[in-house]
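Asker: Input coords36.txt, format and content: compact mmCIF, C-alpha atoms and all ligand atoms.
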# COMPACT_ATOMS: atom_id res chain seq x y z
CA MET A 1 220.78 151.63 -49.24
CA ASP A 2 218.63 150.33 -46.41
CA ALA A 3 215.16 150.30 -47.96
CA PRO A 4 212.67 147.81 -46.46
CA TYR A 5 212.41 145.49 -49.46
CA ALA A 6 210.07 142.50 -49.20
CA ARG A 7 209.01 143.49 -45.67
CA LEU A 8 205.49 144.17 -44.49
CA GLU A 9 205.16 147.67 -42.98
CA GLN A 10 201.93 148.61 -41.24
CA VAL A 11 201.46 152.31 -42.06
CA GLU A 12 198.20 152.77 -40.15
CA PRO A 13 195.40 150.45 -38.97
CA GLY A 14 194.01 148.68 -42.03
CA ILE A 15 196.76 149.88 -44.38
CA ALA A 16 200.09 148.12 -44.88
CA ARG A 17 202.69 148.21 -47.63
CA VAL A 18 205.44 146.09 -49.15
CA LEU A 19 208.23 147.76 -51.15
CA ALA A 20 209.31 146.01 -54.35
CA HIS A 21 212.99 145.79 -55.20
CA ASN A 22 212.87 147.82 -58.43
CA PRO A 23 214.68 151.08 -57.64
CA SER A 24 215.41 153.42 -60.58
CA ALA A 25 215.48 157.04 -61.68
CA PHE A 26 211.72 156.71 -62.26
CA THR A 27 210.63 154.54 -59.32
CA TYR A 28 212.68 156.01 -56.43
CA TYR A 29 213.33 153.10 -53.98
CA GLY A 30 210.79 151.00 -55.86
CA THR A 31 207.05 150.38 -56.18
CA GLN A 32 205.04 150.33 -52.97
CA THR A 33 202.28 147.74 -52.97
CA TYR A 34 199.48 148.49 -50.49
CA LEU A 35 197.35 146.00 -48.56
CA VAL A 36 194.03 147.53 -47.54
CA GLY A 37 191.75 145.91 -44.95
CA GLU A 38 192.26 143.56 -42.02
CA ARG A 39 190.22 140.35 -42.21
CA GLU A 40 189.73 140.75 -45.93
CA LEU A 41 192.10 142.61 -48.24
CA ALA A 42 192.51 144.56 -51.44
CA VAL A 43 195.99 144.68 -52.91
CA ILE A 44 196.73 147.97 -54.68
CA ASP A 45 199.46 148.08 -57.35
CA PRO A 46 200.88 144.56 -57.04
CA GLY A 47 204.03 145.85 -58.74
CA PRO A 48 206.68 144.21 -60.91
CA ASP A 49 206.59 140.44 -61.29
CA LEU A 50 209.62 139.70 -59.11
CA ASP A 51 209.60 136.34 -57.29
CA GLU A 52 210.84 137.92 -54.06
CA HIS A 53 208.11 140.59 -54.16
CA VAL A 54 205.25 138.19 -54.96
CA ALA A 55 206.44 135.82 -52.20
CA ALA A 56 206.55 138.73 -49.74
CA LEU A 57 202.99 139.72 -50.73
CA VAL A 58 201.70 136.17 -50.31
CA GLU A 59 203.32 136.03 -46.88
CA ALA A 60 201.89 139.43 -45.94
CA ILE A 61 198.42 138.31 -47.03
CA GLY A 62 198.85 135.33 -44.73
CA GLY A 63 195.95 133.31 -46.09
CA ARG A 64 193.39 136.09 -45.62
CA PRO A 65 190.82 136.39 -48.42
CA VAL A 66 191.78 138.90 -51.14
CA ALA A 67 188.66 140.53 -52.59
CA ALA A 68 190.51 142.36 -55.36
CA ILE A 69 193.90 142.97 -56.89
CA CYS A 70 193.69 146.58 -58.06
CA CYS A 71 196.04 148.35 -60.49
CA THR A 72 196.18 152.14 -60.79
CA HIS A 73 197.58 151.84 -64.34
CA THR A 74 199.49 149.42 -66.51
CA HIS A 75 203.09 150.62 -66.46
CA ARG A 76 205.46 147.71 -66.00
CA ASP A 77 206.39 148.70 -62.46
CA HIS A 78 202.73 148.51 -61.35
CA SER A 79 200.64 145.73 -62.86
CA PRO A 80 202.71 142.68 -63.97
CA ALA A 81 202.59 140.93 -60.56
CA ALA A 82 198.76 140.97 -60.71
CA LYS A 83 198.74 137.74 -62.67
CA ALA A 84 201.12 135.83 -60.35
CA LEU A 85 199.24 137.11 -57.32
CA ALA A 86 195.87 136.17 -58.81
CA GLU A 87 197.21 132.67 -59.40
CA ALA A 88 198.55 132.46 -55.85
CA THR A 89 195.40 133.77 -54.13
CA GLY A 90 192.53 133.12 -56.53
CA ALA A 91 191.62 136.80 -56.30
CA PRO A 92 190.14 138.72 -59.25
CA ILE A 93 192.02 141.58 -60.94
CA ILE A 94 189.76 144.64 -60.74
CA GLY A 95 190.65 148.21 -61.59
CA CYS A 96 192.06 150.21 -64.47
CA ALA A 97 191.31 149.36 -68.08
CA PRO A 98 193.95 147.70 -70.26
CA LEU A 99 195.51 149.91 -72.92
CA ALA A 100 195.22 149.23 -76.61
CA LEU A 101 198.93 149.44 -77.34
CA GLU A 102 198.59 150.11 -81.05
CA THR A 103 196.90 153.40 -80.22
CA VAL A 104 199.58 154.74 -77.91
CA GLY A 105 202.77 154.70 -79.93
CA PRO A 106 206.14 153.00 -79.89
CA ARG A 107 207.26 153.88 -76.36
CA ALA A 108 204.18 152.10 -75.06
CA ASP A 109 205.64 148.75 -75.96
CA ALA A 110 208.58 149.32 -73.65
CA SER A 111 206.83 150.76 -70.61
CA PHE A 112 203.33 149.30 -70.74
CA ASP A 113 202.29 145.88 -69.50
CA GLY A 114 200.56 144.35 -72.53
CA ASP A 115 199.69 141.15 -70.60
CA TYR A 116 197.38 142.93 -68.16
CA THR A 117 193.94 141.30 -68.33
CA PRO A 118 191.50 142.53 -65.68
CA ASN A 119 188.46 140.50 -64.67
CA ARG A 120 186.57 143.73 -64.18
CA ILE A 121 187.18 147.37 -65.09
CA LEU A 122 186.11 150.07 -62.65
CA GLU A 123 184.63 153.30 -63.98
CA ASP A 124 185.05 156.62 -62.19
CA GLY A 125 183.14 156.53 -58.89
CA GLU A 126 182.53 152.77 -58.85
CA SER A 127 183.18 151.05 -55.52
CA LEU A 128 184.16 147.64 -54.22
CA ASP A 129 183.37 146.42 -50.73
CA ILE A 130 186.62 145.59 -48.93
CA ASP A 131 186.36 144.34 -45.37
CA GLY A 132 183.07 146.24 -44.96
CA LYS A 133 184.38 149.53 -46.36
CA PRO A 134 184.04 150.96 -49.86
CA LEU A 135 187.14 151.25 -52.03
CA THR A 136 186.25 153.73 -54.76
CA ALA A 137 187.87 154.33 -58.14
CA VAL A 138 188.75 157.95 -58.93
CA ALA A 139 189.57 158.33 -62.63
CA THR A 140 192.71 160.43 -62.98
CA PRO A 141 193.97 160.31 -66.58
CA GLY A 142 197.12 162.23 -67.49
CA HIS A 143 200.18 160.22 -66.45
CA THR A 144 198.48 157.50 -68.50
CA SER A 145 195.04 157.56 -70.10
CA ASN A 146 193.87 154.61 -67.96
CA HIS A 147 195.06 155.88 -64.56
CA LEU A 148 192.84 155.43 -61.49
CA CYS A 149 193.36 156.50 -57.89
CA PHE A 150 191.56 154.51 -55.18
CA ALA A 151 189.83 156.14 -52.22
CA CYS A 152 189.27 154.30 -48.94
CA GLY A 153 187.83 156.33 -46.08
CA ASP A 154 189.83 159.56 -46.04
CA ALA A 155 192.95 157.98 -47.56
CA LEU A 156 193.66 158.12 -51.29
CA PHE A 157 195.98 155.71 -53.09
CA THR A 158 197.42 157.89 -55.82
CA GLY A 159 199.57 155.51 -57.90
CA ASP A 160 201.75 157.65 -60.15
CA HIS A 161 199.25 160.51 -60.49
CA VAL A 162 200.70 162.14 -57.38
CA MET A 163 204.00 160.81 -56.08
CA GLY A 164 205.73 161.52 -52.81
CA TRP A 165 209.25 162.13 -54.12
CA SER A 166 209.15 163.71 -57.57
CA THR A 167 206.83 165.20 -60.14
CA THR A 168 204.97 162.78 -62.39
CA VAL A 169 206.20 161.96 -65.89
CA VAL A 170 203.63 162.89 -68.54
CA PHE A 171 204.86 161.30 -71.75
CA PRO A 172 202.82 161.66 -74.98
CA PRO A 173 201.09 160.24 -76.84
CA ASP A 174 199.39 158.34 -74.00
CA GLY A 175 200.38 160.90 -71.37
CA ASP A 176 198.32 164.09 -71.69
CA MET A 177 199.15 167.34 -69.90
CA ALA A 178 195.67 168.89 -70.10
CA ALA A 179 194.14 165.67 -68.71
CA TYR A 180 196.81 165.53 -66.00
CA MET A 181 196.08 169.12 -64.91
CA ALA A 182 192.33 168.41 -64.89
CA SER A 183 192.98 165.31 -62.75
CA LEU A 184 195.06 167.36 -60.31
CA ASP A 185 192.21 169.85 -60.11
CA LYS A 186 189.85 166.95 -59.42
CA LEU A 187 191.98 165.93 -56.41
CA ARG A 188 192.23 169.55 -55.28
CA GLN A 189 188.44 169.58 -54.91
CA ARG A 190 188.42 166.47 -52.71
CA VAL A 191 188.99 166.38 -48.97
CA ASP A 192 191.44 163.56 -48.36
CA ARG A 193 193.48 163.32 -45.18
CA ILE A 194 196.46 161.55 -46.71
CA TYR A 195 197.79 160.24 -50.02
CA TYR A 196 199.60 156.95 -50.33
CA PRO A 197 201.59 157.10 -53.59
CA ALA A 198 203.18 154.13 -55.34
CA HIS A 199 206.57 155.83 -55.05
CA GLY A 200 207.85 157.93 -52.17
CA GLN A 201 206.56 158.99 -48.78
CA PRO A 202 202.89 159.52 -47.90
CA VAL A 203 201.59 163.01 -48.61
CA THR A 204 200.18 164.38 -45.37
CA LYS A 205 199.00 167.79 -46.64
CA PRO A 206 197.28 166.76 -49.87
CA GLN A 207 195.56 170.04 -50.72
CA GLN A 208 198.71 172.09 -50.30
CA TYR A 209 200.77 169.51 -52.17
CA VAL A 210 198.40 169.35 -55.15
CA ARG A 211 198.27 173.14 -55.36
CA GLY A 212 202.07 173.09 -55.39
CA LEU A 213 202.12 170.53 -58.24
CA MET A 214 199.67 172.60 -60.29
CA GLY A 215 201.73 175.72 -59.67
CA HIS A 216 204.88 173.88 -60.73
CA ARG A 217 203.33 172.87 -64.07
CA LEU A 218 201.92 176.33 -64.74
CA HIS A 219 205.36 177.77 -64.01
CA ARG A 220 206.93 175.24 -66.41
CA GLU A 221 204.39 176.15 -69.08
CA LYS A 222 205.15 179.87 -68.71
CA GLN A 223 208.86 179.12 -68.88
CA ILE A 224 208.41 177.21 -72.17
CA VAL A 225 206.34 180.00 -73.71
CA LYS A 226 208.95 182.55 -72.61
CA LEU A 227 211.78 180.52 -74.15
CA LEU A 228 209.84 180.31 -77.42
CA GLN A 229 209.07 184.02 -77.37
CA ALA A 230 212.82 184.59 -77.19
CA GLY A 231 213.26 182.47 -80.32
CA PRO A 232 212.06 179.26 -82.00
CA ARG A 233 213.77 176.06 -80.83
CA ASP A 234 213.47 172.29 -80.72
CA ILE A 235 212.63 170.17 -77.68
CA PRO A 236 216.24 169.38 -76.62
CA ALA A 237 216.97 173.13 -76.60
CA ILE A 238 213.84 173.80 -74.53
CA VAL A 239 214.85 171.08 -72.03
CA GLU A 240 218.30 172.64 -71.78
CA GLY A 241 216.79 176.05 -71.06
CA ALA A 242 214.06 174.88 -68.69
CA TYR A 243 215.90 172.17 -66.72
CA PRO A 244 219.43 173.38 -65.98
CA GLY A 245 221.60 170.73 -64.29
CA LEU A 246 219.15 167.91 -65.00
CA ASP A 247 220.19 164.32 -64.15
CA PRO A 248 221.15 162.90 -67.60
CA ARG A 249 218.99 159.82 -66.91
CA LEU A 250 215.95 162.10 -66.83
CA VAL A 251 216.56 164.07 -70.03
CA ALA A 252 214.26 161.84 -72.11
CA ALA A 253 211.48 162.07 -69.52
CA ALA A 254 211.88 165.85 -69.33
CA GLY A 255 211.67 165.95 -73.14
CA GLY A 256 208.43 163.97 -72.89
CA SER A 257 206.97 166.40 -70.36
CA VAL A 258 208.02 169.39 -72.49
CA PHE A 259 206.40 167.72 -75.51
CA ALA A 260 203.22 167.18 -73.44
CA HIS A 261 203.20 170.89 -72.53
CA LEU A 262 203.81 171.88 -76.17
CA LEU A 263 200.94 169.72 -77.46
CA ASP A 264 198.66 171.29 -74.88
CA LEU A 265 199.86 174.82 -75.76
CA GLN A 266 199.43 174.04 -79.46
CA LYS A 267 195.84 172.93 -78.90
CA ARG A 268 195.24 176.22 -77.12
CA GLY A 269 196.73 178.15 -80.07
CA LEU A 270 199.70 179.50 -78.10
CA VAL A 271 202.52 177.76 -80.00
CA THR A 272 203.07 176.30 -83.48
CA VAL A 273 205.48 173.73 -84.82
CA ASP A 274 207.28 173.30 -88.13
CA GLU A 275 209.73 170.42 -88.69
CA ASP A 276 210.37 169.88 -84.95
CA ILE A 277 211.03 173.60 -84.40
CA TRP A 278 208.52 175.13 -82.02
CA LYS A 279 207.67 178.82 -81.87
CA ALA A 280 205.35 181.15 -80.01
CA ALA A 281 202.15 181.89 -81.93
ZN ZN A 301 203.54 154.96 -64.19
Render the structure in this file as structure tokens.

Answerer:
Amino acid sequence: MDAPYARLEQVEPGIARVLAHNPSAFTYYGTQTYLVGERELAVIDPGPDLDEHVAALVEAIGGRPVAAICCTHTHRDHSPAAKALAEATGAPIIGCAPLALETVGPRADASFDGDYTPNRILEDGESLDIDGKPLTAVATPGHTSNHLCFACGDALFTGDHVMGWSTTVVFPPDGDMAAYMASLDKLRQRVDRIYYPAHGQPVTKPQQYVRGLMGHRLHREKQIVKLLQAGPRDIPAIVEGAYPGLDPRLVAAAGGSVFAHLLDLQKRGLVTVDEDIWKAA
């Protein structure tokens, strides 16, 4: 595979990226770290704490001042390099809130970066000045409760909220389907020219793409309700019915997304559950 690991790629004036060498069924080729600005920089999603990746970022920064190291959320493929990069550059870590792990369940310990300690947390709509331009936080909970996108001019850095290669994993209890749909709707109402996701290619028709993602989830929801109307079943049976031919590495994630849909449907009174067996209300 000839992915451009540890290489600086200029994607447009004022926006460059470095791909981290952490390919997987969840990260595609790996995490894309973005450098925003020219004379002064913000680093968005520093990525996993891999020596090769941090060294490539330091080289790409090339001694320019870094005003902020920004994380969209605290999954382990996004935020752990923040600390090493802050030490290397003296830059502050500014962006999403840390997560209180005890409130988000056992899976959190595996996938969340518990060492993330920001110097400053950005609320929805708050901006930083980067190289004379505002970089604005856009709160987009759903994939995780602490997820932020970052807007700069007419480009939006979407982290894992919208990805360029696959649909986003929404894994309860921290992942929340209703919040995720509301956050998609929030993006649908914006006018961005392009999305730069942490994984996959840039999204050049954002409005159309977001509408497609929302349609996909609504279709999935209908499919789940239909399966349950045909007869009560547990989550593995729903996954089997709704995701034929699924990559076995993604079965657990699909189960998480189905669970997220079911919790949302339950809240809306459309399904009930008894001993892990779900049925239509
Ligand atoms: Zn993530």

Asker: Which residues sit within 8 Å of ligand ZN 301 (chain A), counting only C-alpha atoms and all ligand atoms, listed as JSON, numbers by chain?

Answerer: {"A": [73, 74, 75, 76, 77, 78, 143, 144, 159, 160, 161, 169]}

Asker: May I have the residues from that selection written out with C-alpha atoms, as a PDB file, keeping the file's coordinate frame?

Answerer:
ATOM      1  CA  HIS A  73     197.580 151.840 -64.340  1.00  0.00           C
ATOM      2  CA  THR A  74     199.490 149.420 -66.510  1.00  0.00           C
ATOM      3  CA  HIS A  75     203.090 150.620 -66.460  1.00  0.00           C
ATOM      4  CA  ARG A  76     205.460 147.710 -66.000  1.00  0.00           C
ATOM      5  CA  ASP A  77     206.390 148.700 -62.460  1.00  0.00           C
ATOM      6  CA  HIS A  78     202.730 148.510 -61.350  1.00  0.00           C
ATOM      7  CA  HIS A 143     200.180 160.220 -66.450  1.00  0.00           C
ATOM      8  CA  THR A 144     198.480 157.500 -68.500  1.00  0.00           C
ATOM      9  CA  GLY A 159     199.570 155.510 -57.900  1.00  0.00           C
ATOM     10  CA  ASP A 160     201.750 157.650 -60.150  1.00  0.00           C
ATOM     11  CA  HIS A 161     199.250 160.510 -60.490  1.00  0.00           C
ATOM     12  CA  VAL A 169     206.200 161.960 -65.890  1.00  0.00           C
TER      13      VAL A 169
END

Asker: At a cut-off of 9 Å, using only C-alpha atoms, what residues contact segment 60-68 of chain A? Leave out same-chain residues fewer than 4 positions from it and give the result as a list in words.

Answerer: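 So the residues in contact are Arg7, Leu8, Ala16, Arg17, Val18, Leu35, Glu38, Arg39, Glu40, Leu41, Ala42, Val43, Ile44, Ala55, Ala56, Ala86, Thr89, Gly90, Ala91, Pro92, Ile93, Ile94, Gly95, Leu128, Asp129, Ile130 and Asp131 of chain A.
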
Asker: Kindly indicate which residue among A:Val203, A:Val11, A:Ala97, A:Leu227 lies nearest to Val258 of chain A, using all atoms listed in the file for the distances.

Answerer: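 Distance minimum relative to Val258 of chain A lands on A:Leu227.
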
Asker: With only C-alpha atoms as the basis for distance, which of A:Glu52, A:Asp45, A:Pro206, A:Pro236 is at the shortest distance from His147 of chain A?

Answerer: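 With only C-alpha atoms as the atom set, the closest residue is A:Asp45.
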
Asker: Give me, as a list in words, all polymer residues having an atom no more than 12 Å from Met214 of chain A, counting only C-alpha atoms and skipping those fewer than 6 positions away in the same chain.

Answerer: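 Everything that qualifies: Val162, Thr167, Thr168, Met177, Ala178, Tyr180, Met181, Ala182, Ser183, Leu184, Asp185, Lys186, Leu187, Arg188, Gln207, Gln208, Arg220 and Glu221 of chain A.
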
Asker: Go ahead and dump the residues you just picked, C-alpha atoms, as a PDB file, keeping the file's coordinate frame.

Answerer:
ATOM      1  CA  VAL A 162     200.700 162.140 -57.380  1.00  0.00           C
ATOM      2  CA  THR A 167     206.830 165.200 -60.140  1.00  0.00           C
ATOM      3  CA  THR A 168     204.970 162.780 -62.390  1.00  0.00           C
ATOM      4  CA  MET A 177     199.150 167.340 -69.900  1.00  0.00           C
ATOM      5  CA  ALA A 178     195.670 168.890 -70.100  1.00  0.00           C
ATOM      6  CA  TYR A 180     196.810 165.530 -66.000  1.00  0.00           C
ATOM      7  CA  MET A 181     196.080 169.120 -64.910  1.00  0.00           C
ATOM      8  CA  ALA A 182     192.330 168.410 -64.890  1.00  0.00           C
ATOM      9  CA  SER A 183     192.980 165.310 -62.750  1.00  0.00           C
ATOM     10  CA  LEU A 184     195.060 167.360 -60.310  1.00  0.00           C
ATOM     11  CA  ASP A 185     192.210 169.850 -60.110  1.00  0.00           C
ATOM     12  CA  LYS A 186     189.850 166.950 -59.420  1.00  0.00           C
ATOM     13  CA  LEU A 187     191.980 165.930 -56.410  1.00  0.00           C
ATOM     14  CA  ARG A 188     192.230 169.550 -55.280  1.00  0.00           C
ATOM     15  CA  GLN A 207     195.560 170.040 -50.720  1.00  0.00           C
ATOM     16  CA  GLN A 208     198.710 172.090 -50.300  1.00  0.00           C
ATOM     17  CA  ARG A 220     206.930 175.240 -66.410  1.00  0.00           C
ATOM     18  CA  GLU A 221     204.390 176.150 -69.080  1.00  0.00           C
TER      19      GLU A 221
END

Asker: Using only C-alpha atoms, which residues sit within 10 Å of segment 261-272 of chain A once same-chain residues fewer than 5 positions away are excluded, as a PyMOL selection string?

Answerer: chain A and resi 170-173+176-179+217-218+220-222+224-225+228-229+232+235+255-256+277-281

Asker: In Å, with one decimal, what is the gap from atom CA of Ala84 of chain A to atom CA of Ile121 of chain A?

Answerer: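 We find that atom CA of Ala84 of chain A and atom CA of Ile121 of chain A lie 18.7 Å from each other.
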
Asker: One decimal, Å: what's the distance from atom CA of Asp51 of chain A over to atom CA of Leu85 of chain A, could you say?

Answerer: 10.4 Å

Asker: Considering all atoms listed in the file, return as a PyMOL selection string whatever protein or nucleic-acid residues lie within 7 Å of Gly164 of chain A, sequence-local ones (same chain, fewer than 6 positions apart) excluded.

Answerer: chain A and resi 197+199-203

Asker: Please produce an output containing C-alpha atoms for each residue in the selection, written as a PDB file, in the frame of the given file.

Answerer:
ATOM      1  CA  PRO A 197     201.590 157.100 -53.590  1.00  0.00           C
ATOM      2  CA  HIS A 199     206.570 155.830 -55.050  1.00  0.00           C
ATOM      3  CA  GLY A 200     207.850 157.930 -52.170  1.00  0.00           C
ATOM      4  CA  GLN A 201     206.560 158.990 -48.780  1.00  0.00           C
ATOM      5  CA  PRO A 202     202.890 159.520 -47.900  1.00  0.00           C
ATOM      6  CA  VAL A 203     201.590 163.010 -48.610  1.00  0.00           C
TER       7      VAL A 203
END

Asker: Hey, which of A:Ala242, A:Ala139, A:Cys70, A:Ile194 ends up closest to Gly153 of chain A? Count only C-alpha atoms.

Answerer: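 For Gly153 of chain A, the nearest of the candidates is A:Ile194.
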
Asker: At what distance in Å, to one decimal, does atom CA of Ser79 of chain A lie from atom CA of Gly114 of chain A?

Answerer: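 About the pair atom CA of Gly114 of chain A and atom CA of Ser79 of chain A: they are 9.8 Å apart.
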
Asker: Could you pull the residues within 7 Å of Asp49 of chain A, counting all atoms listed in the file, minus those fewer than 4 positions along the same chain, as a list of chain:residue names?

Answerer: A:Val54, A:Pro80, A:Ala81

Asker: For C-alpha atoms, I'd like the residues from the last selection saved as a short mmCIF file (atom, residue, chain, number, x, y, z; two decimals), in the frame of the given file.

Answerer:
data_model
loop_
_atom_site.label_atom_id
_atom_site.label_comp_id
_atom_site.auth_asym_id
_atom_site.auth_seq_id
_atom_site.Cartn_x
_atom_site.Cartn_y
_atom_site.Cartn_z
CA VAL A 54 205.25 138.19 -54.96
CA PRO A 80 202.71 142.68 -63.97
CA ALA A 81 202.59 140.93 -60.56
#

Asker: A:Thr136, A:Pro48, A:Thr31, A:Val36: which is nearest Asp113 of chain A, counting only C-alpha atoms?

Answerer: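 Ranking A:Thr136, A:Pro48, A:Thr31, A:Val36 by distance to Asp113 of chain A, first place goes to A:Pro48.
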
Asker: Nearest residue to Arg190 of chain A out of A:Ile238, A:Val138, A:Val273, A:Leu148, using all atoms listed in the file?

Answerer: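 Result for the nearest residue to Arg190 of chain A: A:Val138.
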
Asker: Between A:Asp274, A:Pro134, A:Asp124, A:Cys71, single out the one closest to Arg233 of chain A, counting only C-alpha atoms.

Answerer: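 Among the listed residues, A:Asp274 lies closest to Arg233 of chain A.
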
Asker: Kindly write all heavy atoms of segment 199-207 of chain A from the structure just given to a file, as an mmCIF file, in the first residue's frame.

Answerer:
data_model
loop_
_atom_site.group_PDB
_atom_site.id
_atom_site.type_symbol
_atom_site.label_atom_id
_atom_site.label_comp_id
_atom_site.auth_asym_id
_atom_site.auth_seq_id
_atom_site.Cartn_x
_atom_site.Cartn_y
_atom_site.Cartn_z
ATOM 1 N N HIS A 199 -10.237 10.916 8.473
ATOM 2 C CA HIS A 199 -9.988 9.679 7.739
ATOM 3 C C HIS A 199 -10.666 9.764 6.375
ATOM 4 O O HIS A 199 -11.852 10.076 6.295
ATOM 5 C CB HIS A 199 -10.551 8.469 8.492
ATOM 6 C CG HIS A 199 -10.134 8.408 9.936
ATOM 7 N ND1 HIS A 199 -8.897 7.946 10.338
ATOM 8 C CD2 HIS A 199 -10.771 8.778 11.061
ATOM 9 C CE1 HIS A 199 -8.810 8.023 11.662
ATOM 10 N NE2 HIS A 199 -9.927 8.536 12.128
ATOM 11 N N GLY A 200 -9.909 9.481 5.329
ATOM 12 C CA GLY A 200 -10.490 9.467 3.989
ATOM 13 C C GLY A 200 -10.347 10.789 3.257
ATOM 14 O O GLY A 200 -9.833 11.779 3.790
ATOM 15 N N GLN A 201 -10.818 10.772 2.024
ATOM 16 C CA GLN A 201 -10.652 11.911 1.119
ATOM 17 C C GLN A 201 -11.492 13.118 1.546
ATOM 18 O O GLN A 201 -12.505 12.950 2.213
ATOM 19 C CB GLN A 201 -11.063 11.491 -0.295
ATOM 20 C CG GLN A 201 -10.053 10.563 -0.951
ATOM 21 C CD GLN A 201 -8.644 11.136 -0.906
ATOM 22 O OE1 GLN A 201 -8.395 12.241 -1.381
ATOM 23 N NE2 GLN A 201 -7.701 10.411 -0.288
ATOM 24 N N PRO A 202 -11.081 14.312 1.128
ATOM 25 C CA PRO A 202 -11.916 15.497 1.368
ATOM 26 C C PRO A 202 -13.307 15.324 0.741
ATOM 27 O O PRO A 202 -13.446 14.636 -0.263
ATOM 28 C CB PRO A 202 -11.161 16.624 0.656
ATOM 29 C CG PRO A 202 -9.755 16.146 0.546
ATOM 30 C CD PRO A 202 -9.826 14.656 0.430
ATOM 31 N N VAL A 203 -14.284 15.944 1.361
ATOM 32 C CA VAL A 203 -15.659 15.882 0.866
ATOM 33 C C VAL A 203 -15.924 17.192 0.138
ATOM 34 O O VAL A 203 -15.952 18.262 0.755
ATOM 35 C CB VAL A 203 -16.652 15.696 2.041
ATOM 36 C CG1 VAL A 203 -18.096 15.757 1.550
ATOM 37 C CG2 VAL A 203 -16.375 14.368 2.758
ATOM 38 N N THR A 204 -16.102 17.104 -1.174
ATOM 39 C CA THR A 204 -16.182 18.333 -1.972
ATOM 40 C C THR A 204 -17.619 18.798 -2.216
ATOM 41 O O THR A 204 -17.825 19.898 -2.714
ATOM 42 C CB THR A 204 -15.478 18.137 -3.333
ATOM 43 O OG1 THR A 204 -16.031 16.980 -3.953
ATOM 44 C CG2 THR A 204 -13.979 17.953 -3.145
ATOM 45 N N LYS A 205 -18.595 17.939 -1.894
ATOM 46 C CA LYS A 205 -20.004 18.381 -2.003
ATOM 47 C C LYS A 205 -20.658 18.139 -0.649
ATOM 48 O O LYS A 205 -21.485 17.227 -0.499
ATOM 49 C CB LYS A 205 -20.720 17.603 -3.101
ATOM 50 C CG LYS A 205 -20.219 17.940 -4.498
ATOM 51 C CD LYS A 205 -21.190 17.443 -5.555
ATOM 52 C CE LYS A 205 -20.812 17.941 -6.934
ATOM 53 N NZ LYS A 205 -20.184 16.903 -7.768
ATOM 54 N N PRO A 206 -20.302 18.967 0.343
ATOM 55 C CA PRO A 206 -20.715 18.692 1.723
ATOM 56 C C PRO A 206 -22.216 18.532 1.919
ATOM 57 O O PRO A 206 -22.656 17.579 2.559
ATOM 58 C CB PRO A 206 -20.200 19.889 2.504
ATOM 59 C CG PRO A 206 -19.104 20.453 1.696
ATOM 60 C CD PRO A 206 -19.460 20.168 0.272
ATOM 61 N N GLN A 207 -22.993 19.450 1.345
ATOM 62 C CA GLN A 207 -24.442 19.420 1.571
ATOM 63 C C GLN A 207 -25.038 18.093 1.110
ATOM 64 O O GLN A 207 -25.786 17.436 1.827
ATOM 65 C CB GLN A 207 -25.101 20.553 0.773
ATOM 66 C CG GLN A 207 -24.702 21.932 1.225
ATOM 67 C CD GLN A 207 -25.510 22.360 2.419
ATOM 68 O OE1 GLN A 207 -26.701 22.078 2.487
ATOM 69 N NE2 GLN A 207 -24.882 23.003 3.373
#
